[in-house]
$ cat input-v4.csv   # CSV, C-alpha atoms
chain,number,residue,atom,x,y,z
A,1,MET,CA,114.3,109.9,113.3
A,2,PRO,CA,111.8,107.5,111.6
A,3,VAL,CA,114.4,106.1,109.2
A,4,THR,CA,118.1,105.8,110.0
A,5,VAL,CA,121.0,104.4,108.1
A,6,GLU,CA,124.2,103.4,109.8
A,7,TRP,CA,127.1,101.0,109.5
A,8,LEU,CA,126.6,97.7,111.5
A,9,ASN,CA,130.3,96.9,111.6
A,10,GLU,CA,133.7,98.5,111.8
A,11,GLU,CA,134.6,97.1,108.3
A,12,LYS,CA,131.8,99.2,106.9
A,13,ASN,CA,130.4,96.5,104.7
A,14,ILE,CA,126.9,96.1,106.2
A,15,LEU,CA,124.5,99.0,106.2
A,16,HIS,CA,121.5,98.9,108.5
A,17,HIS,CA,118.3,100.8,107.5
A,18,HIS,CA,116.0,101.0,110.4
A,19,PHE,CA,112.4,102.1,109.9
A,20,GLU,CA,110.1,103.2,112.7
A,21,THR,CA,106.4,103.9,112.2
A,22,PRO,CA,105.3,106.5,111.4
A,23,TRP,CA,107.7,107.2,108.5
A,24,GLY,CA,107.0,108.9,105.2
A,25,TRP,CA,108.6,109.1,101.8
A,26,ASP,CA,110.5,112.3,102.7
A,27,ASN,CA,112.2,110.2,105.4
A,28,PHE,CA,112.8,107.4,102.9
A,29,TYR,CA,114.5,109.7,100.4
A,30,GLU,CA,116.6,111.4,103.1
A,31,SER,CA,117.8,108.0,104.2
A,32,ALA,CA,118.4,107.0,100.5
A,33,GLU,CA,120.7,110.0,100.1
A,34,ARG,CA,122.7,109.0,103.1
A,35,HIS,CA,122.8,105.4,101.9
A,36,LEU,CA,124.2,106.4,98.5
A,37,GLN,CA,126.8,108.6,100.2
A,38,LEU,CA,128.0,105.8,102.5
A,39,ILE,CA,127.9,103.0,99.9
A,40,GLN,CA,129.8,105.0,97.3
A,41,GLU,CA,132.6,105.7,99.9
A,42,ALA,CA,132.9,102.0,100.7
A,43,PRO,CA,135.8,100.2,99.0
A,44,ASP,CA,134.2,96.7,99.2
A,45,VAL,CA,130.8,95.1,98.6
A,46,VAL,CA,128.2,96.4,101.0
A,47,ASP,CA,125.3,94.2,102.1
A,48,LEU,CA,122.1,95.8,103.3
A,49,VAL,CA,119.8,95.1,106.2
A,50,LEU,CA,116.4,96.8,105.7
A,51,ASP,CA,114.7,96.5,109.2
A,52,PHE,CA,111.0,97.1,109.1
A,53,SER,CA,110.4,95.3,112.4
A,54,LYS,CA,109.2,98.6,114.0
A,55,GLY,CA,108.1,100.3,110.8
A,56,SER,CA,106.1,97.9,108.8
A,57,VAL,CA,103.2,100.4,108.2
A,58,MET,CA,104.0,101.8,104.8
A,59,PRO,CA,102.8,105.1,103.4
A,60,SER,CA,100.8,104.8,100.1
A,61,GLY,CA,102.7,104.7,96.8
A,62,ALA,CA,105.2,102.0,97.8
A,63,ILE,CA,105.5,100.6,94.3
A,64,THR,CA,106.6,103.9,92.8
A,65,HIS,CA,109.0,104.8,95.5
A,66,PHE,CA,110.6,101.3,95.9
A,67,ARG,CA,111.0,101.1,92.1
A,68,TRP,CA,113.0,104.3,92.3
A,69,ALA,CA,115.2,102.7,95.0
A,70,LEU,CA,115.8,99.6,92.9
A,71,ARG,CA,117.1,101.8,90.1
A,72,GLN,CA,119.7,103.3,92.4
A,73,HIS,CA,121.6,100.0,92.3
A,74,THR,CA,125.3,100.6,92.8
A,75,PRO,CA,128.0,98.2,91.6
A,76,ASN,CA,129.2,97.4,95.1
A,77,ARG,CA,125.7,96.7,96.5
A,78,GLY,CA,125.6,93.1,97.8
A,79,LEU,CA,122.9,91.1,99.4
A,80,VAL,CA,119.7,92.8,100.7
A,81,VAL,CA,118.2,91.2,103.8
A,82,ILE,CA,114.7,92.4,104.9
A,83,ILE,CA,113.4,92.1,108.4
A,84,GLY,CA,109.8,92.5,109.4
A,85,VAL,CA,108.1,91.5,106.1
A,86,THR,CA,104.4,91.9,106.1
A,87,PRO,CA,102.1,90.1,103.7
A,88,PHE,CA,101.8,93.3,101.7
A,89,MET,CA,105.6,93.5,101.5
A,90,ALA,CA,105.9,89.9,100.4
A,91,ALA,CA,103.4,90.6,97.6
A,92,LEU,CA,105.3,93.7,96.6
A,93,GLY,CA,108.5,91.6,96.6
A,94,ASP,CA,106.9,89.1,94.2
A,95,VAL,CA,106.0,91.9,91.8
A,96,PHE,CA,109.6,93.3,91.9
A,97,ARG,CA,111.1,89.9,91.4
A,98,LYS,CA,109.1,89.6,88.1
A,99,LEU,CA,109.9,93.2,87.0
A,100,TYR,CA,113.6,93.2,88.1
A,101,PRO,CA,114.8,89.6,88.3
A,102,ASN,CA,118.5,90.5,88.3
A,103,ILE,CA,118.3,92.9,91.2
A,104,ALA,CA,115.6,91.1,93.2
A,105,ASP,CA,117.5,87.8,93.2
A,106,ASP,CA,119.9,89.4,95.8
A,107,ALA,CA,117.0,89.8,98.3
A,108,ARG,CA,116.4,87.6,101.3
A,109,ILE,CA,114.0,87.6,104.3
A,110,ALA,CA,115.0,87.3,108.0
A,111,ASP,CA,113.0,87.2,111.2
A,112,ASP,CA,115.4,89.4,113.1
A,113,LEU,CA,118.8,91.1,113.0
A,114,LEU,CA,120.7,88.0,114.2
A,115,GLU,CA,119.2,85.9,111.4
A,116,ALA,CA,119.9,88.7,108.9
A,117,LEU,CA,123.6,88.7,109.9
A,118,ALA,CA,123.7,84.9,109.7
A,119,ILE,CA,122.3,85.0,106.2
A,120,ILE,CA,124.9,87.6,105.1
A,121,ASN,CA,127.7,85.6,106.7
A,122,ASP,CA,126.6,82.4,105.0
A,123,HIS,CA,126.3,84.2,101.6
A,124,ARG,CA,129.8,85.6,102.0
A,125,ARG,CA,131.2,82.2,102.8
A,126,THR,CA,129.5,80.8,99.7
A,127,GLN,CA,130.8,83.6,97.6
A,128,THR,CA,134.4,83.1,98.9
A,129,ALA,CA,134.2,79.4,98.2
A,130,VAL,CA,133.0,80.0,94.7
A,131,GLU,CA,135.7,82.5,94.0
A,132,ALA,CA,138.4,80.1,95.5
A,133,ALA,CA,137.2,77.3,93.2
A,134,SER,CA,137.4,79.4,90.1
$ encode --input "input-v4.csv" --output "structure tokens"
Amino acid sequence: MPVTVEWLNEEKNILHHHFETPWGWDNFYESAERHLQLIQEAPDVVDLVLDFSKGSVMPSGAITHFRWALRQHTPNRGLVVIIGVTPFMAALGDVFRKLYPNIADDARIADDLLEALAIINDHRRTQTAVEAAS
């Protein structure tokens, strides 16, 4: 499948979206449906890894479709780490940060899956320290 969504850990608190070229918006929406099912079943905050390292060629209409995805924000969605960011994706990210600052602030960029997991773990440690200090 060109777009897959699966848990990355047994705790079911990190979802991995893996894109492989060629993928289309039908694949995107099928994976979004699966994503929403999984994240709604999770009892805790779920961080996301969007892995475009093998699927960075995007179909046309990205702004419309990704805007839809941003509006599907669930209360337990945590950090979003994106792998395989192209210059086009970076520009798109700048647009979304201006349009949706509250949602886009939770996005980070990583070079690979190991770095993405390190970013998530660092973020969780920081969140835990902040909660403990309150």
$ atom_distance --input "input-v4.csv" --atom1 "CA of Gln72 in chain A" --atom2 "CA of Trp25 in chain A"
15.7 Å
$ closest_residue --input "input-v4.csv" --among "A:Val45, A:Tyr100, A:Val57, A:Val85" --to "Leu70 in chain A" --atoms "all atoms listed in the file"
A:Tyr100
$ residues_around --input "input-v4.csv" --residues "Leu113 in chain A" --least-positions-apart "4" --cutoff "10 Å" --atoms "all atoms listed in the file" --output "ChimeraX atom specification"
/A:16,49-51,53,81-84,117-119
$ write_last_selection --input "input-v4.csv" --atoms "C-alpha atoms" --output "compact mmCIF listing (two decimals), in the coordinates of the input"
# COMPACT_ATOMS: atom_id res chain seq x y z
CA HIS A 16 121.50 98.90 108.50
CA VAL A 49 119.80 95.10 106.20
CA LEU A 50 116.40 96.80 105.70
CA ASP A 51 114.70 96.50 109.20
CA SER A 53 110.40 95.30 112.40
CA VAL A 81 118.20 91.20 103.80
CA ILE A 82 114.70 92.40 104.90
CA ILE A 83 113.40 92.10 108.40
CA GLY A 84 109.80 92.50 109.40
CA LEU A 117 123.60 88.70 109.90
CA ALA A 118 123.70 84.90 109.70
CA ILE A 119 122.30 85.00 106.20
$ atom_distance --input "input-v4.csv" --atom1 "CA of Asp105 in chain A" --atom2 "CA of Thr64 in chain A"
19.4 Å
$ closest_residue --input "input-v4.csv" --among "A:Phe88, A:Phe96, A:Trp7, A:Phe52" --to "Glu20 in chain A" --atoms "only C-alpha atoms"
A:Phe52
$ closest_residue --input "input-v4.csv" --among "A:Ser60, A:Gln40, A:Asn27, A:Thr126" --to "Val3 in chain A" --atoms "only C-alpha atoms"
A:Asn27
$ residues_around --input "input-v4.csv" --residues "Val80 in chain A" --least-positions-apart "4" --cutoff "7 Å" --atoms "all atoms listed in the file" --output "VMD selection string"
chain A and resid 47 to 49 106 to 108
$ atom_distance --input "input-v4.csv" --atom1 "CA of Gly61 in chain A" --atom2 "CA of Phe28 in chain A"
12.1 Å
$ closest_residue --input "input-v4.csv" --among "A:His35, A:Arg125, A:Lys54, A:His17" --to "Thr86 in chain A" --atoms "only C-alpha atoms"
A:Lys54
$ residues_around --input "input-v4.csv" --residues "Thr4 in chain A" --least-positions-apart "2" --cutoff "8 Å" --atoms "all atoms listed in the file" --output "PyMOL selection string"
chain A and resi 1-2+6+16-19+31
$ decode --input "input-v4.csv" --residues "range 17-29 of chain A" --atoms "all heavy atoms" --output "PDB file, in the first residue's frame"
ATOM      1  N   HIS A  17       2.877   7.041  10.026  1.00  0.00           N
ATOM      2  CA  HIS A  17       2.277   7.137   8.697  1.00  0.00           C
ATOM      3  C   HIS A  17       3.434   7.041   7.704  1.00  0.00           C
ATOM      4  O   HIS A  17       4.326   7.890   7.721  1.00  0.00           O
ATOM      5  CB  HIS A  17       1.593   8.488   8.493  1.00  0.00           C
ATOM      6  CG  HIS A  17       0.407   8.707   9.358  1.00  0.00           C
ATOM      7  ND1 HIS A  17      -0.849   8.848   8.848  1.00  0.00           N
ATOM      8  CD2 HIS A  17       0.273   8.815  10.704  1.00  0.00           C
ATOM      9  CE1 HIS A  17      -1.700   9.040   9.828  1.00  0.00           C
ATOM     10  NE2 HIS A  17      -1.039   9.019  10.972  1.00  0.00           N
ATOM     11  N   HIS A  18       3.412   6.033   6.865  1.00  0.00           N
ATOM     12  CA  HIS A  18       4.500   5.818   5.911  1.00  0.00           C
ATOM     13  C   HIS A  18       3.968   5.995   4.498  1.00  0.00           C
ATOM     14  O   HIS A  18       3.052   5.286   4.084  1.00  0.00           O
ATOM     15  CB  HIS A  18       5.090   4.420   6.110  1.00  0.00           C
ATOM     16  CG  HIS A  18       6.301   4.180   5.302  1.00  0.00           C
ATOM     17  ND1 HIS A  18       6.274   3.460   4.133  1.00  0.00           N
ATOM     18  CD2 HIS A  18       7.575   4.580   5.466  1.00  0.00           C
ATOM     19  CE1 HIS A  18       7.486   3.420   3.623  1.00  0.00           C
ATOM     20  NE2 HIS A  18       8.289   4.084   4.414  1.00  0.00           N
ATOM     21  N   PHE A  19       4.529   6.956   3.771  1.00  0.00           N
ATOM     22  CA  PHE A  19       4.111   7.265   2.400  1.00  0.00           C
ATOM     23  C   PHE A  19       5.152   6.737   1.426  1.00  0.00           C
ATOM     24  O   PHE A  19       6.346   6.945   1.624  1.00  0.00           O
ATOM     25  CB  PHE A  19       4.000   8.783   2.212  1.00  0.00           C
ATOM     26  CG  PHE A  19       2.915   9.423   3.021  1.00  0.00           C
ATOM     27  CD1 PHE A  19       3.086   9.672   4.378  1.00  0.00           C
ATOM     28  CD2 PHE A  19       1.719   9.785   2.424  1.00  0.00           C
ATOM     29  CE1 PHE A  19       2.081  10.270   5.125  1.00  0.00           C
ATOM     30  CE2 PHE A  19       0.708  10.379   3.159  1.00  0.00           C
ATOM     31  CZ  PHE A  19       0.884  10.622   4.517  1.00  0.00           C
ATOM     32  N   GLU A  20       4.686   6.052   0.368  1.00  0.00           N
ATOM     33  CA  GLU A  20       5.581   5.591  -0.693  1.00  0.00           C
ATOM     34  C   GLU A  20       5.051   6.070  -2.034  1.00  0.00           C
ATOM     35  O   GLU A  20       3.890   5.844  -2.361  1.00  0.00           O
ATOM     36  CB  GLU A  20       5.691   4.068  -0.694  1.00  0.00           C
ATOM     37  CG  GLU A  20       6.565   3.553   0.421  1.00  0.00           C
ATOM     38  CD  GLU A  20       6.993   2.117   0.219  1.00  0.00           C
ATOM     39  OE1 GLU A  20       7.120   1.663  -0.936  1.00  0.00           O
ATOM     40  OE2 GLU A  20       7.205   1.443   1.242  1.00  0.00           O
ATOM     41  N   THR A  21       5.921   6.703  -2.802  1.00  0.00           N
ATOM     42  CA  THR A  21       5.556   7.179  -4.130  1.00  0.00           C
ATOM     43  C   THR A  21       5.370   5.985  -5.056  1.00  0.00           C
ATOM     44  O   THR A  21       6.162   5.043  -4.989  1.00  0.00           O
ATOM     45  CB  THR A  21       6.672   8.105  -4.673  1.00  0.00           C
ATOM     46  OG1 THR A  21       6.827   9.193  -3.765  1.00  0.00           O
ATOM     47  CG2 THR A  21       6.355   8.635  -6.053  1.00  0.00           C
ATOM     48  N   PRO A  22       4.335   5.971  -5.884  1.00  0.00           N
ATOM     49  CA  PRO A  22       3.312   7.013  -6.034  1.00  0.00           C
ATOM     50  C   PRO A  22       2.154   6.781  -5.061  1.00  0.00           C
ATOM     51  O   PRO A  22       1.730   5.658  -4.825  1.00  0.00           O
ATOM     52  CB  PRO A  22       2.839   6.811  -7.470  1.00  0.00           C
ATOM     53  CG  PRO A  22       2.994   5.338  -7.714  1.00  0.00           C
ATOM     54  CD  PRO A  22       4.192   4.914  -6.893  1.00  0.00           C
ATOM     55  N   TRP A  23       1.697   7.862  -4.470  1.00  0.00           N
ATOM     56  CA  TRP A  23       0.506   7.804  -3.632  1.00  0.00           C
ATOM     57  C   TRP A  23      -0.427   8.923  -4.066  1.00  0.00           C
ATOM     58  O   TRP A  23      -0.006   9.910  -4.641  1.00  0.00           O
ATOM     59  CB  TRP A  23       0.846   7.897  -2.135  1.00  0.00           C
ATOM     60  CG  TRP A  23       1.543   9.171  -1.713  1.00  0.00           C
ATOM     61  CD1 TRP A  23       2.884   9.424  -1.739  1.00  0.00           C
ATOM     62  CD2 TRP A  23       0.920  10.355  -1.202  1.00  0.00           C
ATOM     63  NE1 TRP A  23       3.140  10.681  -1.287  1.00  0.00           N
ATOM     64  CE2 TRP A  23       1.952  11.281  -0.943  1.00  0.00           C
ATOM     65  CE3 TRP A  23      -0.391  10.724  -0.943  1.00  0.00           C
ATOM     66  CZ2 TRP A  23       1.709  12.554  -0.428  1.00  0.00           C
ATOM     67  CZ3 TRP A  23      -0.635  11.994  -0.431  1.00  0.00           C
ATOM     68  CH2 TRP A  23       0.408  12.887  -0.180  1.00  0.00           C
ATOM     69  N   GLY A  24      -1.702   8.726  -3.803  1.00  0.00           N
ATOM     70  CA  GLY A  24      -2.700   9.712  -4.219  1.00  0.00           C
ATOM     71  C   GLY A  24      -3.593  10.088  -3.053  1.00  0.00           C
ATOM     72  O   GLY A  24      -3.487   9.541  -1.957  1.00  0.00           O
ATOM     73  N   TRP A  25      -4.506  11.003  -3.316  1.00  0.00           N
ATOM     74  CA  TRP A  25      -5.367  11.490  -2.237  1.00  0.00           C
ATOM     75  C   TRP A  25      -6.349  10.426  -1.750  1.00  0.00           C
ATOM     76  O   TRP A  25      -6.733  10.431  -0.579  1.00  0.00           O
ATOM     77  CB  TRP A  25      -6.056  12.791  -2.653  1.00  0.00           C
ATOM     78  CG  TRP A  25      -5.032  13.870  -2.850  1.00  0.00           C
ATOM     79  CD1 TRP A  25      -4.733  14.524  -4.008  1.00  0.00           C
ATOM     80  CD2 TRP A  25      -4.124  14.381  -1.870  1.00  0.00           C
ATOM     81  NE1 TRP A  25      -3.697  15.420  -3.810  1.00  0.00           N
ATOM     82  CE2 TRP A  25      -3.304  15.344  -2.504  1.00  0.00           C
ATOM     83  CE3 TRP A  25      -3.902  14.119  -0.520  1.00  0.00           C
ATOM     84  CZ2 TRP A  25      -2.304  16.042  -1.827  1.00  0.00           C
ATOM     85  CZ3 TRP A  25      -2.900  14.817   0.153  1.00  0.00           C
ATOM     86  CH2 TRP A  25      -2.124  15.764  -0.501  1.00  0.00           C
ATOM     87  N   ASP A  26      -6.740   9.503  -2.611  1.00  0.00           N
ATOM     88  CA  ASP A  26      -7.573   8.396  -2.136  1.00  0.00           C
ATOM     89  C   ASP A  26      -6.824   7.590  -1.069  1.00  0.00           C
ATOM     90  O   ASP A  26      -7.390   7.228  -0.032  1.00  0.00           O
ATOM     91  CB  ASP A  26      -7.987   7.470  -3.282  1.00  0.00           C
ATOM     92  CG  ASP A  26      -9.027   8.095  -4.195  1.00  0.00           C
ATOM     93  OD1 ASP A  26      -9.677   9.078  -3.775  1.00  0.00           O
ATOM     94  OD2 ASP A  26      -9.188   7.589  -5.315  1.00  0.00           O
ATOM     95  N   ASN A  27      -5.533   7.325  -1.315  1.00  0.00           N
ATOM     96  CA  ASN A  27      -4.703   6.623  -0.329  1.00  0.00           C
ATOM     97  C   ASN A  27      -4.599   7.431   0.961  1.00  0.00           C
ATOM     98  O   ASN A  27      -4.662   6.888   2.068  1.00  0.00           O
ATOM     99  CB  ASN A  27      -3.289   6.384  -0.862  1.00  0.00           C
ATOM    100  CG  ASN A  27      -3.247   5.696  -2.195  1.00  0.00           C
ATOM    101  OD1 ASN A  27      -2.705   6.237  -3.154  1.00  0.00           O
ATOM    102  ND2 ASN A  27      -3.821   4.502  -2.285  1.00  0.00           N
ATOM    103  N   PHE A  28      -4.439   8.733   0.809  1.00  0.00           N
ATOM    104  CA  PHE A  28      -4.325   9.632   1.950  1.00  0.00           C
ATOM    105  C   PHE A  28      -5.578   9.560   2.830  1.00  0.00           C
ATOM    106  O   PHE A  28      -5.494   9.418   4.050  1.00  0.00           O
ATOM    107  CB  PHE A  28      -4.089  11.059   1.438  1.00  0.00           C
ATOM    108  CG  PHE A  28      -4.056  12.094   2.509  1.00  0.00           C
ATOM    109  CD1 PHE A  28      -2.915  12.291   3.268  1.00  0.00           C
ATOM    110  CD2 PHE A  28      -5.163  12.891   2.752  1.00  0.00           C
ATOM    111  CE1 PHE A  28      -2.883  13.264   4.262  1.00  0.00           C
ATOM    112  CE2 PHE A  28      -5.142  13.870   3.733  1.00  0.00           C
ATOM    113  CZ  PHE A  28      -3.996  14.047   4.488  1.00  0.00           C
ATOM    114  N   TYR A  29      -6.751   9.634   2.198  1.00  0.00           N
ATOM    115  CA  TYR A  29      -7.998   9.625   2.969  1.00  0.00           C
ATOM    116  C   TYR A  29      -8.274   8.262   3.595  1.00  0.00           C
ATOM    117  O   TYR A  29      -8.811   8.190   4.705  1.00  0.00           O
ATOM    118  CB  TYR A  29      -9.180  10.098   2.117  1.00  0.00           C
ATOM    119  CG  TYR A  29      -9.135  11.603   1.915  1.00  0.00           C
ATOM    120  CD1 TYR A  29      -8.793  12.141   0.684  1.00  0.00           C
ATOM    121  CD2 TYR A  29      -9.409  12.468   2.960  1.00  0.00           C
ATOM    122  CE1 TYR A  29      -8.725  13.513   0.507  1.00  0.00           C
ATOM    123  CE2 TYR A  29      -9.350  13.839   2.792  1.00  0.00           C
ATOM    124  CZ  TYR A  29      -9.007  14.358   1.562  1.00  0.00           C
ATOM    125  OH  TYR A  29      -8.927  15.720   1.393  1.00  0.00           O
TER     126      TYR A  29
END
